[in-house]
>>> print(open('query02.cif').read())   # mmCIF, C-alpha atoms
data_data
loop_
_atom_site.label_atom_id
_atom_site.label_comp_id
_atom_site.auth_asym_id
_atom_site.auth_seq_id
_atom_site.Cartn_x
_atom_site.Cartn_y
_atom_site.Cartn_z
CA MET A 1 -174.89 -112.86 73.11
CA THR A 2 -171.31 -114.06 73.42
CA GLN A 3 -169.79 -112.11 70.53
CA GLN A 4 -166.95 -109.77 71.32
CA ALA A 5 -168.30 -106.22 71.17
CA PHE A 6 -167.27 -103.94 68.30
CA GLN A 7 -165.70 -101.51 70.76
CA ASP A 8 -163.49 -104.21 72.28
CA TYR A 9 -161.57 -104.43 69.00
CA TYR A 10 -160.48 -100.78 69.11
CA GLU A 11 -156.82 -100.19 69.92
CA ASP A 12 -155.98 -98.20 73.06
CA VAL A 13 -155.85 -94.72 71.50
CA THR A 14 -159.45 -94.94 70.29
CA SER A 15 -160.64 -96.59 73.51
CA TYR A 16 -160.88 -93.51 75.72
CA CYS A 17 -164.18 -92.32 74.25
CA TYR A 18 -166.59 -91.21 76.97
CA GLY A 19 -169.42 -93.05 75.27
CA CYS A 20 -167.83 -96.32 74.25
CA GLY A 21 -164.19 -96.53 75.31
CA ARG A 22 -163.30 -99.57 77.40
CA LEU A 23 -160.47 -97.51 78.96
CA ASN A 24 -162.64 -94.56 80.04
CA GLN A 25 -163.45 -95.48 83.62
CA ALA A 26 -165.82 -92.52 84.04
CA GLY A 27 -167.59 -93.14 80.74
CA LEU A 28 -170.60 -95.11 79.56
CA GLN A 29 -168.59 -98.02 78.09
CA ILE A 30 -171.37 -99.10 75.74
CA LYS A 31 -170.98 -102.41 73.92
CA THR A 32 -172.45 -103.18 70.52
CA VAL A 33 -172.82 -106.52 68.74
CA TRP A 34 -174.50 -107.85 65.61
CA ASP A 35 -177.90 -109.49 65.74
CA GLY A 36 -178.28 -110.60 62.13
CA ASP A 37 -178.09 -107.48 60.01
CA GLU A 38 -178.91 -105.21 62.93
CA SER A 39 -176.48 -103.90 65.49
CA VAL A 40 -177.60 -103.96 69.10
CA THR A 41 -176.51 -102.01 72.17
CA VAL A 42 -178.12 -102.61 75.56
CA TYR A 43 -177.48 -99.96 78.20
CA ARG A 44 -179.03 -99.26 81.57
CA PRO A 45 -178.90 -95.51 82.31
CA LYS A 46 -177.52 -94.54 85.69
CA SER A 47 -179.71 -92.97 88.38
CA GLN A 48 -178.29 -89.51 87.65
CA HIS A 49 -179.28 -89.62 83.95
CA ILE A 50 -182.50 -87.74 84.65
CA ALA A 51 -184.57 -85.49 82.40
CA ILE A 52 -187.38 -85.01 84.87
CA PRO A 53 -187.57 -87.50 87.75
CA GLY A 54 -188.39 -90.97 86.38
CA TYR A 55 -187.32 -90.28 82.79
CA VAL A 56 -184.05 -90.52 80.87
CA TYR A 57 -182.08 -87.44 79.86
CA GLY A 58 -182.24 -86.79 76.11
CA GLY A 59 -178.55 -86.00 75.91
CA LEU A 60 -177.77 -89.50 77.12
CA ILE A 61 -180.03 -90.97 74.44
CA ALA A 62 -178.19 -88.85 71.86
CA SER A 63 -174.87 -90.11 73.22
CA LEU A 64 -175.97 -93.75 72.97
CA ILE A 65 -177.18 -93.25 69.39
CA ASP A 66 -173.90 -91.51 68.56
CA CYS A 67 -171.48 -94.23 69.71
CA HIS A 68 -173.83 -96.97 68.58
CA GLY A 69 -173.73 -95.40 65.13
CA THR A 70 -169.99 -94.97 64.80
CA GLY A 71 -169.37 -98.46 66.20
CA THR A 72 -171.84 -99.95 63.74
CA ALA A 73 -170.18 -98.08 60.88
CA ALA A 74 -166.80 -99.55 61.84
CA ALA A 75 -168.13 -103.08 62.18
CA ALA A 76 -170.00 -102.79 58.87
CA ALA A 77 -166.82 -101.78 57.03
CA TYR A 78 -165.05 -104.96 58.13
CA ARG A 79 -168.14 -107.05 57.55
CA GLN A 80 -168.51 -105.75 54.01
CA LEU A 81 -165.01 -107.06 53.27
CA GLY A 82 -165.71 -110.32 55.04
CA VAL A 83 -162.83 -109.83 57.47
CA PRO A 84 -162.80 -109.76 61.29
CA MET A 85 -162.48 -106.45 63.11
CA ASP A 86 -158.97 -107.32 64.28
CA ASP A 87 -157.65 -107.95 60.76
CA PRO A 88 -154.38 -105.97 60.83
CA ASN A 89 -154.63 -105.20 57.12
CA TYR A 90 -157.53 -102.83 57.64
CA TYR A 91 -158.22 -99.86 59.88
CA PHE A 92 -161.77 -98.62 60.04
CA ARG A 93 -162.57 -96.03 62.68
CA TYR A 94 -165.33 -93.45 62.37
CA VAL A 95 -166.16 -90.04 63.75
CA THR A 96 -169.58 -88.46 63.79
CA GLY A 97 -170.22 -86.02 60.95
CA SER A 98 -173.79 -85.38 62.01
CA LEU A 99 -176.27 -86.70 64.53
CA HIS A 100 -180.04 -86.43 64.46
CA VAL A 101 -182.45 -87.62 67.15
CA ASP A 102 -186.24 -87.57 67.20
CA TYR A 103 -187.65 -88.00 70.69
CA LEU A 104 -190.93 -89.84 70.26
CA GLN A 105 -192.11 -90.28 73.83
CA PRO A 106 -190.62 -90.10 77.33
CA THR A 107 -188.07 -92.85 78.06
CA PRO A 108 -188.50 -94.36 81.54
CA LEU A 109 -185.46 -94.43 83.81
CA GLY A 110 -184.54 -97.60 85.71
CA VAL A 111 -184.85 -100.14 82.90
CA ASP A 112 -182.58 -101.38 80.11
CA LEU A 113 -182.56 -99.45 76.86
CA THR A 114 -181.97 -101.34 73.64
CA ILE A 115 -180.65 -99.49 70.62
CA ARG A 116 -181.06 -101.33 67.32
CA GLY A 117 -179.26 -99.99 64.30
CA GLU A 118 -179.18 -100.61 60.59
CA VAL A 119 -176.69 -99.46 58.02
CA VAL A 120 -178.63 -97.61 55.34
CA GLU A 121 -175.72 -96.34 53.23
CA ILE A 122 -172.02 -96.97 52.75
CA LYS A 123 -170.48 -94.64 50.20
CA GLY A 124 -166.75 -94.02 50.22
CA ARG A 125 -165.75 -92.76 53.65
CA LYS A 126 -169.36 -92.04 54.65
CA THR A 127 -171.67 -94.51 56.38
CA VAL A 128 -175.23 -93.74 57.49
CA VAL A 129 -176.67 -95.66 60.42
CA ARG A 130 -180.30 -95.37 61.54
CA SER A 131 -181.17 -96.44 65.04
CA VAL A 132 -184.25 -97.03 67.12
CA VAL A 133 -184.33 -96.87 70.92
CA TYR A 134 -186.57 -99.15 72.95
CA ALA A 135 -187.11 -99.05 76.71
CA GLU A 136 -187.87 -102.33 78.50
CA GLY A 137 -191.60 -102.53 79.12
CA VAL A 138 -192.56 -99.91 76.51
CA HIS A 139 -193.86 -101.35 73.25
CA GLU A 140 -193.24 -98.48 70.85
CA PRO A 141 -189.78 -96.94 70.34
CA THR A 142 -189.04 -93.94 72.50
CA ALA A 143 -186.53 -92.36 70.10
CA ARG A 144 -185.13 -92.67 66.60
CA GLY A 145 -181.75 -91.47 65.46
CA GLU A 146 -179.47 -91.15 62.48
CA VAL A 147 -175.71 -90.85 62.47
CA VAL A 148 -173.64 -89.87 59.46
CA ALA A 149 -170.30 -91.45 60.30
CA ILE A 150 -167.09 -90.44 58.56
CA GLN A 151 -164.16 -92.80 58.26
CA MET A 152 -161.08 -91.47 60.00
CA PRO A 153 -157.82 -92.69 58.47
CA ARG A 154 -155.21 -93.93 60.91
CA ALA A 155 -152.96 -90.97 60.00
CA TRP A 156 -155.65 -88.51 61.20
CA VAL A 157 -155.92 -90.24 64.53
CA GLU A 158 -152.16 -90.29 64.94
CA GLU A 159 -151.76 -86.64 63.95
CA MET A 160 -154.55 -85.48 66.21
CA VAL A 161 -153.24 -87.32 69.22
CA ALA A 162 -149.64 -86.29 68.50
CA GLY A 163 -150.73 -82.66 68.23
CA ASN A 164 -152.06 -82.85 71.76
CA SER A 165 -149.29 -84.64 73.56
CA MET B 166 -172.38 -61.54 83.19
CA THR B 167 -174.34 -61.12 86.41
CA GLN B 168 -177.77 -62.16 85.16
CA GLN B 169 -179.45 -65.06 86.91
CA ALA B 170 -179.24 -68.07 84.59
CA PHE B 171 -182.39 -69.35 82.86
CA GLN B 172 -182.01 -72.69 84.63
CA ASP B 173 -181.93 -71.08 88.06
CA TYR B 174 -185.56 -70.05 87.62
CA TYR B 175 -186.80 -73.64 87.24
CA GLU B 176 -188.72 -75.04 90.19
CA ASP B 177 -187.30 -78.11 91.94
CA VAL B 178 -189.07 -80.80 89.93
CA THR B 179 -187.54 -79.61 86.66
CA SER B 180 -184.13 -79.00 88.24
CA TYR B 181 -182.85 -82.58 88.27
CA CYS B 182 -181.94 -82.65 84.58
CA TYR B 183 -178.54 -84.23 84.02
CA GLY B 184 -177.61 -81.48 81.60
CA CYS B 185 -178.88 -78.36 83.30
CA GLY B 186 -180.47 -79.13 86.66
CA ARG B 187 -179.05 -77.17 89.59
CA LEU B 188 -180.11 -80.06 91.87
CA ASN B 189 -178.36 -82.83 89.89
CA GLN B 190 -175.05 -83.09 91.69
CA ALA B 191 -173.64 -85.60 89.17
CA GLY B 192 -174.79 -83.59 86.16
CA LEU B 193 -173.35 -80.88 83.94
CA GLN B 194 -175.31 -78.00 85.57
CA ILE B 195 -175.01 -75.75 82.54
CA LYS B 196 -176.07 -72.12 82.91
CA THR B 197 -177.47 -69.99 80.11
CA VAL B 198 -177.99 -66.22 79.95
CA TRP B 199 -178.96 -63.63 77.36
CA ASP B 200 -176.36 -61.61 75.51
CA GLY B 201 -178.57 -59.27 73.51
CA ASP B 202 -180.75 -61.46 71.32
CA GLU B 203 -178.44 -64.44 71.63
CA SER B 204 -178.38 -66.94 74.46
CA VAL B 205 -174.98 -67.96 75.76
CA THR B 206 -173.76 -70.98 77.69
CA VAL B 207 -170.12 -71.35 78.70
CA TYR B 208 -169.04 -74.82 79.78
CA ARG B 209 -165.65 -76.38 80.37
CA PRO B 210 -165.80 -80.13 79.61
CA LYS B 211 -164.40 -82.44 82.26
CA SER B 212 -161.24 -84.45 81.68
CA GLN B 213 -163.26 -87.62 81.09
CA HIS B 214 -165.29 -86.07 78.24
CA ILE B 215 -162.96 -87.55 75.64
CA ALA B 216 -163.60 -88.52 72.03
CA ILE B 217 -159.99 -89.35 71.24
CA PRO B 218 -157.36 -88.02 73.66
CA GLY B 219 -157.28 -84.21 73.46
CA TYR B 220 -160.74 -83.78 71.90
CA VAL B 221 -164.25 -83.41 73.26
CA TYR B 222 -166.78 -86.22 73.04
CA GLY B 223 -169.53 -85.52 70.50
CA GLY B 224 -172.24 -86.77 72.83
CA LEU B 225 -171.31 -84.07 75.32
CA ILE B 226 -171.55 -81.43 72.60
CA ALA B 227 -175.00 -82.79 71.71
CA SER B 228 -175.99 -82.62 75.39
CA LEU B 229 -174.86 -79.00 75.68
CA ILE B 230 -176.78 -78.01 72.54
CA ASP B 231 -179.83 -79.86 73.84
CA CYS B 232 -180.13 -78.13 77.24
CA HIS B 233 -178.96 -74.83 75.81
CA GLY B 234 -181.82 -75.11 73.31
CA THR B 235 -184.61 -76.00 75.73
CA GLY B 236 -183.42 -73.35 78.19
CA THR B 237 -183.36 -70.73 75.46
CA ALA B 238 -186.86 -71.73 74.37
CA ALA B 239 -188.16 -71.24 77.91
CA ALA B 240 -186.46 -67.89 78.35
CA ALA B 241 -187.69 -66.71 74.95
CA ALA B 242 -191.30 -67.51 75.85
CA TYR B 243 -191.16 -65.24 78.90
CA ARG B 244 -189.20 -62.61 77.02
CA GLN B 245 -191.76 -62.52 74.23
CA LEU B 246 -194.41 -61.60 76.83
CA GLY B 247 -192.12 -59.10 78.48
CA VAL B 248 -192.32 -60.85 81.84
CA PRO B 249 -189.56 -62.25 84.07
CA MET B 250 -188.97 -66.01 84.23
CA ASP B 251 -190.31 -66.16 87.78
CA ASP B 252 -193.64 -64.57 86.90
CA PRO B 253 -196.08 -66.92 88.66
CA ASN B 254 -198.75 -66.32 86.04
CA TYR B 255 -196.84 -68.23 83.40
CA TYR B 256 -195.22 -71.64 83.17
CA PHE B 257 -192.95 -72.28 80.22
CA ARG B 258 -190.91 -75.48 80.29
CA TYR B 259 -189.72 -77.29 77.19
CA VAL B 260 -188.70 -80.80 76.20
CA THR B 261 -186.68 -81.71 73.17
CA GLY B 262 -188.71 -82.87 70.20
CA SER B 263 -185.67 -83.27 67.98
CA LEU B 264 -181.99 -82.53 68.10
CA HIS B 265 -179.59 -82.15 65.19
CA VAL B 266 -175.84 -81.59 65.42
CA ASP B 267 -173.30 -81.05 62.64
CA TYR B 268 -169.74 -81.63 63.81
CA LEU B 269 -167.59 -79.25 61.78
CA GLN B 270 -164.12 -79.90 63.14
CA PRO B 271 -162.58 -81.52 66.23
CA THR B 272 -163.29 -79.65 69.48
CA PRO B 273 -160.22 -79.39 71.72
CA LEU B 274 -160.54 -80.59 75.30
CA GLY B 275 -159.25 -78.47 78.19
CA VAL B 276 -160.69 -75.11 77.20
CA ASP B 277 -164.03 -73.35 77.67
CA LEU B 278 -166.74 -74.01 75.12
CA THR B 279 -169.19 -71.25 74.32
CA ILE B 280 -172.56 -72.12 72.88
CA ARG B 281 -174.42 -69.21 71.30
CA GLY B 282 -178.06 -69.70 70.35
CA GLU B 283 -180.73 -67.84 68.48
CA VAL B 284 -184.44 -68.41 68.40
CA VAL B 285 -185.43 -68.88 64.77
CA GLU B 286 -189.09 -69.79 65.23
CA ILE B 287 -191.78 -69.63 67.89
CA LYS B 288 -195.05 -71.13 66.72
CA GLY B 289 -197.60 -72.31 69.27
CA ARG B 290 -195.94 -74.85 71.56
CA LYS B 291 -192.94 -75.27 69.24
CA THR B 292 -189.75 -73.21 69.41
CA VAL B 293 -186.72 -73.75 67.18
CA VAL B 294 -183.30 -72.76 68.50
CA ARG B 295 -180.14 -72.82 66.40
CA SER B 296 -176.81 -72.91 68.17
CA VAL B 297 -173.15 -72.60 67.33
CA VAL B 298 -170.34 -74.06 69.45
CA TYR B 299 -167.01 -72.28 69.78
CA ALA B 300 -163.91 -73.60 71.55
CA GLU B 301 -161.58 -71.07 73.19
CA GLY B 302 -158.64 -70.50 70.87
CA VAL B 303 -160.33 -71.86 67.73
CA HIS B 304 -161.62 -69.18 65.38
CA GLU B 305 -164.25 -71.10 63.43
CA PRO B 306 -167.15 -72.90 65.12
CA THR B 307 -166.54 -76.56 65.90
CA ALA B 308 -170.20 -77.58 65.78
CA ARG B 309 -173.65 -76.30 64.88
CA GLY B 310 -176.94 -77.57 66.26
CA GLU B 311 -180.66 -77.19 66.09
CA VAL B 312 -183.20 -78.08 68.74
CA VAL B 313 -186.93 -78.26 68.15
CA ALA B 314 -188.27 -77.63 71.64
CA ILE B 315 -191.84 -78.47 72.62
CA GLN B 316 -193.60 -76.66 75.42
CA MET B 317 -194.58 -78.98 78.23
CA PRO B 318 -197.67 -77.83 80.16
CA ARG B 319 -197.39 -77.95 83.94
CA ALA B 320 -200.02 -80.72 84.03
CA TRP B 321 -197.77 -83.01 81.91
CA VAL B 322 -194.88 -82.51 84.25
CA GLU B 323 -197.04 -83.21 87.29
CA GLU B 324 -198.64 -86.30 85.73
CA MET B 325 -195.31 -87.71 84.59
CA VAL B 326 -193.68 -87.26 87.95
CA ALA B 327 -196.75 -88.53 89.83
CA GLY B 328 -196.82 -91.63 87.63
CA ASN B 329 -193.31 -92.45 88.76
CA SER B 330 -193.51 -91.84 92.47
#
>>> encode(input="query02.cif", output="structure tokens")
Amino acid sequence: MTQQAFQDYYEDVTSYCYGCGRLNQAGLQIKTVWDGDESVTVYRPKSQHIAIPGYVYGGLIASLIDCHGTGTAAAAAYRQLGVPMDDPNYYFRYVTGSLHVDYLQPTPLGVDLTIRGEVVEIKGRKTVVRSVVYAEGVHEPTARGEVVAIQMPRAWVEEMVAGNS
Amino acid sequence: MTQQAFQDYYEDVTSYCYGCGRLNQAGLQIKTVWDGDESVTVYRPKSQHIAIPGYVYGGLIASLIDCHGTGTAAAAAYRQLGVPMDDPNYYFRYVTGSLHVDYLQPTPLGVDLTIRGEVVEIKGRKTVVRSVVYAEGVHEPTARGEVVAIQMPRAWVEEMVAGNS
């Protein structure tokens, strides 16, 4: 897939996220793209992301679902308007209002995980993204998740960051 | 608080968890103790655990709620029987069946977070733990979570680990 990832369109201030920020050197730096109407993130957990030896830590899976969801919500907002994510006339960034994960079976460590998401609702500032997690070599999904993403106006971001500098 | 933490009672094989394992050098190594009927974890996020600059990453909050929940479930199982967590006649370890987090307001980075949990249900192998996250200096909770923890018999743990070695 040669598309630019959703997260690579974010301006610097929203690019320090531990899960998906391209500027967070210690973070996961996940990348999400469209595959038709689904969004796709592929991530290989690191050796330390252990639940019990040989299996992936559930908190990491939750983190992947989280950033995959907010990234998908952002991309879907631009897509709905038919504009690219770097259109300067629009600013769509999302925070997580709620996160739900069902762990269906153990997720093996040492292989790629693929998170596939679909937008199930866009209503005002709220977007709901449902995701499924697959582990390479395992037929059935190992987890399912849902993120309720809330659009964060540019003024919020600026105020929050200003309040902390 | 001078109690030994719940997680310090786990044997080696269940002590590599990225969130709470004492043997995972790259992990969060959270520690949970009782405070009356509530369980308490205090954790100071690292500088890289950023959502936007100055605020804590939601995936980290989910991870804290997750391990706080499974640890509380384990401790509650021993407590219900009136035995210490190192009683060799019992083996109570839990995995996460589902995880839900509501993010109520931004969580500031750079201060201690306190997660307080209560056991709301113990039914067979299932224990439900509800948690509230407080950030030092912020009066109202910044997040609430619920973990449905599932007891994992010792044979499961042994089979899973054996299958991966």
>>> interface_residues(input="query02.cif", of="chain A", to="chain B", cutoff="6 Å", atoms="all atoms listed in the file", output="JSON, numbers by chain")
{"A": [14, 17, 18, 49, 50, 51, 52, 54, 59, 63, 97, 98, 99, 100, 101, 102, 103, 164]}
>>> resolve_selection(input="query02.cif", expression="the PyMOL selection byres ((chain B and resi 299) around 10)", output="list in words")
Val207, Thr272, Asp277, Leu278, Thr279, Ile280, Arg281, Ser296, Val297, Val298, Ala300, Glu301, Gly302, Val303, His304, Glu305, Pro306, Thr307, Ala308 and Arg309 of chain B
>>> atom_distance(input="query02.cif", atom1="atom CA of Thr41 of chain A", atom2="atom CA of Ile315 of chain B")
28.1 Å
>>> calpha_fit_and_write(input="query02.cif", fixed="chain B", moving="chain A", output="compact mmCIF listing (two decimals) with C-alpha atoms, in the frame of the given file")
# COMPACT_ATOMS: atom_id res chain seq x y z
CA MET A 1 -172.40 -61.55 83.19
CA THR A 2 -174.35 -61.12 86.41
CA GLN A 3 -177.78 -62.16 85.16
CA GLN A 4 -179.46 -65.05 86.89
CA ALA A 5 -179.25 -68.07 84.59
CA PHE A 6 -182.40 -69.34 82.87
CA GLN A 7 -182.02 -72.69 84.62
CA ASP A 8 -181.93 -71.08 88.07
CA TYR A 9 -185.57 -70.05 87.63
CA TYR A 10 -186.80 -73.63 87.23
CA GLU A 11 -188.71 -75.04 90.19
CA ASP A 12 -187.29 -78.11 91.95
CA VAL A 13 -189.08 -80.80 89.93
CA THR A 14 -187.55 -79.60 86.65
CA SER A 15 -184.14 -79.00 88.24
CA TYR A 16 -182.85 -82.58 88.28
CA CYS A 17 -181.94 -82.64 84.59
CA TYR A 18 -178.54 -84.22 84.03
CA GLY A 19 -177.62 -81.48 81.60
CA CYS A 20 -178.89 -78.36 83.30
CA GLY A 21 -180.48 -79.12 86.66
CA ARG A 22 -179.05 -77.17 89.59
CA LEU A 23 -180.11 -80.07 91.87
CA ASN A 24 -178.35 -82.83 89.88
CA GLN A 25 -175.05 -83.09 91.70
CA ALA A 26 -173.65 -85.59 89.18
CA GLY A 27 -174.80 -83.59 86.17
CA LEU A 28 -173.36 -80.88 83.95
CA GLN A 29 -175.30 -78.00 85.58
CA ILE A 30 -175.01 -75.74 82.54
CA LYS A 31 -176.07 -72.11 82.91
CA THR A 32 -177.47 -69.99 80.11
CA VAL A 33 -177.99 -66.22 79.95
CA TRP A 34 -178.97 -63.64 77.35
CA ASP A 35 -176.36 -61.62 75.50
CA GLY A 36 -178.58 -59.28 73.50
CA ASP A 37 -180.76 -61.46 71.32
CA GLU A 38 -178.44 -64.44 71.64
CA SER A 39 -178.38 -66.93 74.46
CA VAL A 40 -174.98 -67.95 75.77
CA THR A 41 -173.77 -70.99 77.69
CA VAL A 42 -170.12 -71.35 78.70
CA TYR A 43 -169.03 -74.82 79.79
CA ARG A 44 -165.65 -76.39 80.38
CA PRO A 45 -165.80 -80.13 79.61
CA LYS A 46 -164.39 -82.42 82.26
CA SER A 47 -161.22 -84.45 81.69
CA GLN A 48 -163.25 -87.63 81.10
CA HIS A 49 -165.29 -86.08 78.25
CA ILE A 50 -162.95 -87.55 75.65
CA ALA A 51 -163.60 -88.51 72.03
CA ILE A 52 -160.01 -89.36 71.25
CA PRO A 53 -157.37 -88.03 73.66
CA GLY A 54 -157.27 -84.22 73.46
CA TYR A 55 -160.72 -83.78 71.90
CA VAL A 56 -164.25 -83.42 73.26
CA TYR A 57 -166.79 -86.23 73.05
CA GLY A 58 -169.54 -85.50 70.52
CA GLY A 59 -172.25 -86.76 72.83
CA LEU A 60 -171.32 -84.07 75.32
CA ILE A 61 -171.55 -81.42 72.61
CA ALA A 62 -175.00 -82.77 71.71
CA SER A 63 -175.99 -82.61 75.38
CA LEU A 64 -174.86 -78.99 75.69
CA ILE A 65 -176.77 -78.01 72.54
CA ASP A 66 -179.83 -79.86 73.85
CA CYS A 67 -180.14 -78.13 77.24
CA HIS A 68 -178.98 -74.83 75.81
CA GLY A 69 -181.83 -75.10 73.32
CA THR A 70 -184.61 -75.98 75.72
CA GLY A 71 -183.43 -73.34 78.21
CA THR A 72 -183.36 -70.72 75.47
CA ALA A 73 -186.86 -71.72 74.37
CA ALA A 74 -188.15 -71.23 77.92
CA ALA A 75 -186.46 -67.88 78.37
CA ALA A 76 -187.69 -66.70 74.96
CA ALA A 77 -191.31 -67.50 75.87
CA TYR A 78 -191.16 -65.23 78.91
CA ARG A 79 -189.21 -62.60 77.03
CA GLN A 80 -191.77 -62.51 74.24
CA LEU A 81 -194.41 -61.61 76.82
CA GLY A 82 -192.13 -59.10 78.48
CA VAL A 83 -192.33 -60.85 81.84
CA PRO A 84 -189.55 -62.25 84.07
CA MET A 85 -188.96 -65.99 84.22
CA ASP A 86 -190.28 -66.15 87.78
CA ASP A 87 -193.64 -64.56 86.91
CA PRO A 88 -196.06 -66.94 88.66
CA ASN A 89 -198.74 -66.32 86.05
CA TYR A 90 -196.83 -68.23 83.40
CA TYR A 91 -195.21 -71.64 83.18
CA PHE A 92 -192.94 -72.27 80.23
CA ARG A 93 -190.90 -75.46 80.29
CA TYR A 94 -189.71 -77.29 77.19
CA VAL A 95 -188.70 -80.79 76.21
CA THR A 96 -186.67 -81.71 73.18
CA GLY A 97 -188.72 -82.88 70.20
CA SER A 98 -185.69 -83.27 67.98
CA LEU A 99 -181.99 -82.53 68.09
CA HIS A 100 -179.60 -82.15 65.19
CA VAL A 101 -175.84 -81.60 65.41
CA ASP A 102 -173.31 -81.05 62.64
CA TYR A 103 -169.75 -81.64 63.80
CA LEU A 104 -167.60 -79.26 61.78
CA GLN A 105 -164.13 -79.91 63.15
CA PRO A 106 -162.58 -81.53 66.23
CA THR A 107 -163.28 -79.65 69.48
CA PRO A 108 -160.21 -79.39 71.72
CA LEU A 109 -160.54 -80.60 75.30
CA GLY A 110 -159.24 -78.48 78.19
CA VAL A 111 -160.69 -75.10 77.20
CA ASP A 112 -164.04 -73.35 77.66
CA LEU A 113 -166.74 -74.01 75.11
CA THR A 114 -169.19 -71.24 74.31
CA ILE A 115 -172.57 -72.12 72.87
CA ARG A 116 -174.43 -69.21 71.28
CA GLY A 117 -178.05 -69.69 70.37
CA GLU A 118 -180.72 -67.84 68.48
CA VAL A 119 -184.43 -68.41 68.40
CA VAL A 120 -185.42 -68.88 64.77
CA GLU A 121 -189.09 -69.79 65.23
CA ILE A 122 -191.79 -69.63 67.88
CA LYS A 123 -195.05 -71.14 66.71
CA GLY A 124 -197.60 -72.32 69.25
CA ARG A 125 -195.94 -74.84 71.55
CA LYS A 126 -192.94 -75.27 69.24
CA THR A 127 -189.75 -73.22 69.41
CA VAL A 128 -186.71 -73.74 67.18
CA VAL A 129 -183.30 -72.76 68.50
CA ARG A 130 -180.13 -72.83 66.39
CA SER A 131 -176.81 -72.92 68.17
CA VAL A 132 -173.16 -72.60 67.33
CA VAL A 133 -170.34 -74.05 69.44
CA TYR A 134 -167.01 -72.29 69.77
CA ALA A 135 -163.91 -73.60 71.54
CA GLU A 136 -161.57 -71.07 73.17
CA GLY A 137 -158.62 -70.50 70.86
CA VAL A 138 -160.32 -71.87 67.73
CA HIS A 139 -161.62 -69.20 65.37
CA GLU A 140 -164.25 -71.12 63.42
CA PRO A 141 -167.16 -72.92 65.13
CA THR A 142 -166.55 -76.56 65.89
CA ALA A 143 -170.22 -77.58 65.78
CA ARG A 144 -173.66 -76.31 64.87
CA GLY A 145 -176.92 -77.56 66.27
CA GLU A 146 -180.66 -77.19 66.09
CA VAL A 147 -183.20 -78.07 68.74
CA VAL A 148 -186.94 -78.26 68.16
CA ALA A 149 -188.27 -77.63 71.64
CA ILE A 150 -191.83 -78.47 72.63
CA GLN A 151 -193.61 -76.65 75.42
CA MET A 152 -194.58 -78.98 78.24
CA PRO A 153 -197.66 -77.84 80.16
CA ARG A 154 -197.39 -77.96 83.93
CA ALA A 155 -200.02 -80.74 84.02
CA TRP A 156 -197.76 -83.00 81.90
CA VAL A 157 -194.86 -82.51 84.25
CA GLU A 158 -197.04 -83.21 87.26
CA GLU A 159 -198.61 -86.30 85.71
CA MET A 160 -195.30 -87.71 84.58
CA VAL A 161 -193.66 -87.27 87.94
CA ALA A 162 -196.73 -88.55 89.81
CA GLY A 163 -196.80 -91.63 87.59
CA ASN A 164 -193.30 -92.47 88.74
CA SER A 165 -193.52 -91.88 92.45
>>> atom_distance(input="query02.cif", atom1="atom CA of Thr32 of chain A", atom2="atom CA of Tyr9 of chain A")
11.1 Å
>>> resolve_selection(input="query02.cif", expression="the PyMOL selection byres ((chain A and resi 77-80) around 12)", output="ChimeraX atom specification")
/A:6,9,34,36-37,39,70-76,81-94,119,121-128,149-151
>>> atom_distance(input="query02.cif", atom1="atom CA of Val205 of chain B", atom2="atom CA of Glu283 of chain B")
9.3 Å
>>> closest_residue(input="query02.cif", among="A:Leu23, A:Asp35, A:Val129, A:Glu11", to="His68 of chain A", atoms="all atoms listed in the file")
A:Val129
>>> closest_residue(input="query02.cif", among="B:Glu324, B:Val276, B:Met317, B:Gln172", to="Ile195 of chain B", atoms="all atoms listed in the file")
B:Gln172
>>> decode(input="query02.cif", residues="segment 58-66 of chain A", atoms="N, CA and C atoms", output="mmCIF file, in the first residue's frame")
data_model
loop_
_atom_site.group_PDB
_atom_site.id
_atom_site.type_symbol
_atom_site.label_atom_id
_atom_site.label_comp_id
_atom_site.auth_asym_id
_atom_site.auth_seq_id
_atom_site.Cartn_x
_atom_site.Cartn_y
_atom_site.Cartn_z
ATOM 1 N N GLY A 58 -2.622 -7.224 26.482
ATOM 2 C CA GLY A 58 -3.925 -6.648 26.139
ATOM 3 C C GLY A 58 -3.948 -5.132 26.096
ATOM 4 N N GLY A 59 -3.143 -4.500 26.920
ATOM 5 C CA GLY A 59 -3.090 -3.039 26.911
ATOM 6 C C GLY A 59 -2.530 -2.499 25.605
ATOM 7 N N LEU A 60 -1.627 -3.247 24.993
ATOM 8 C CA LEU A 60 -1.121 -2.843 23.678
ATOM 9 C C LEU A 60 -2.231 -2.956 22.636
ATOM 10 N N ILE A 61 -2.976 -4.045 22.696
ATOM 11 C CA ILE A 61 -4.085 -4.230 21.749
ATOM 12 C C ILE A 61 -5.092 -3.086 21.917
ATOM 13 N N ALA A 62 -5.373 -2.719 23.151
ATOM 14 C CA ALA A 62 -6.273 -1.585 23.398
ATOM 15 C C ALA A 62 -5.697 -0.296 22.803
ATOM 16 N N SER A 63 -4.392 -0.112 22.938
ATOM 17 C CA SER A 63 -3.750 1.091 22.411
ATOM 18 C C SER A 63 -3.836 1.140 20.886
ATOM 19 N N LEU A 64 -3.627 -0.004 20.252
ATOM 20 C CA LEU A 64 -3.710 -0.060 18.787
ATOM 21 C C LEU A 64 -5.130 0.276 18.330
ATOM 22 N N ILE A 65 -6.111 -0.324 18.998
ATOM 23 C CA ILE A 65 -7.517 -0.069 18.634
ATOM 24 C C ILE A 65 -7.853 1.409 18.842
ATOM 25 N N ASP A 66 -7.300 1.996 19.898
ATOM 26 C CA ASP A 66 -7.564 3.389 20.224
ATOM 27 C C ASP A 66 -7.085 4.320 19.090
#
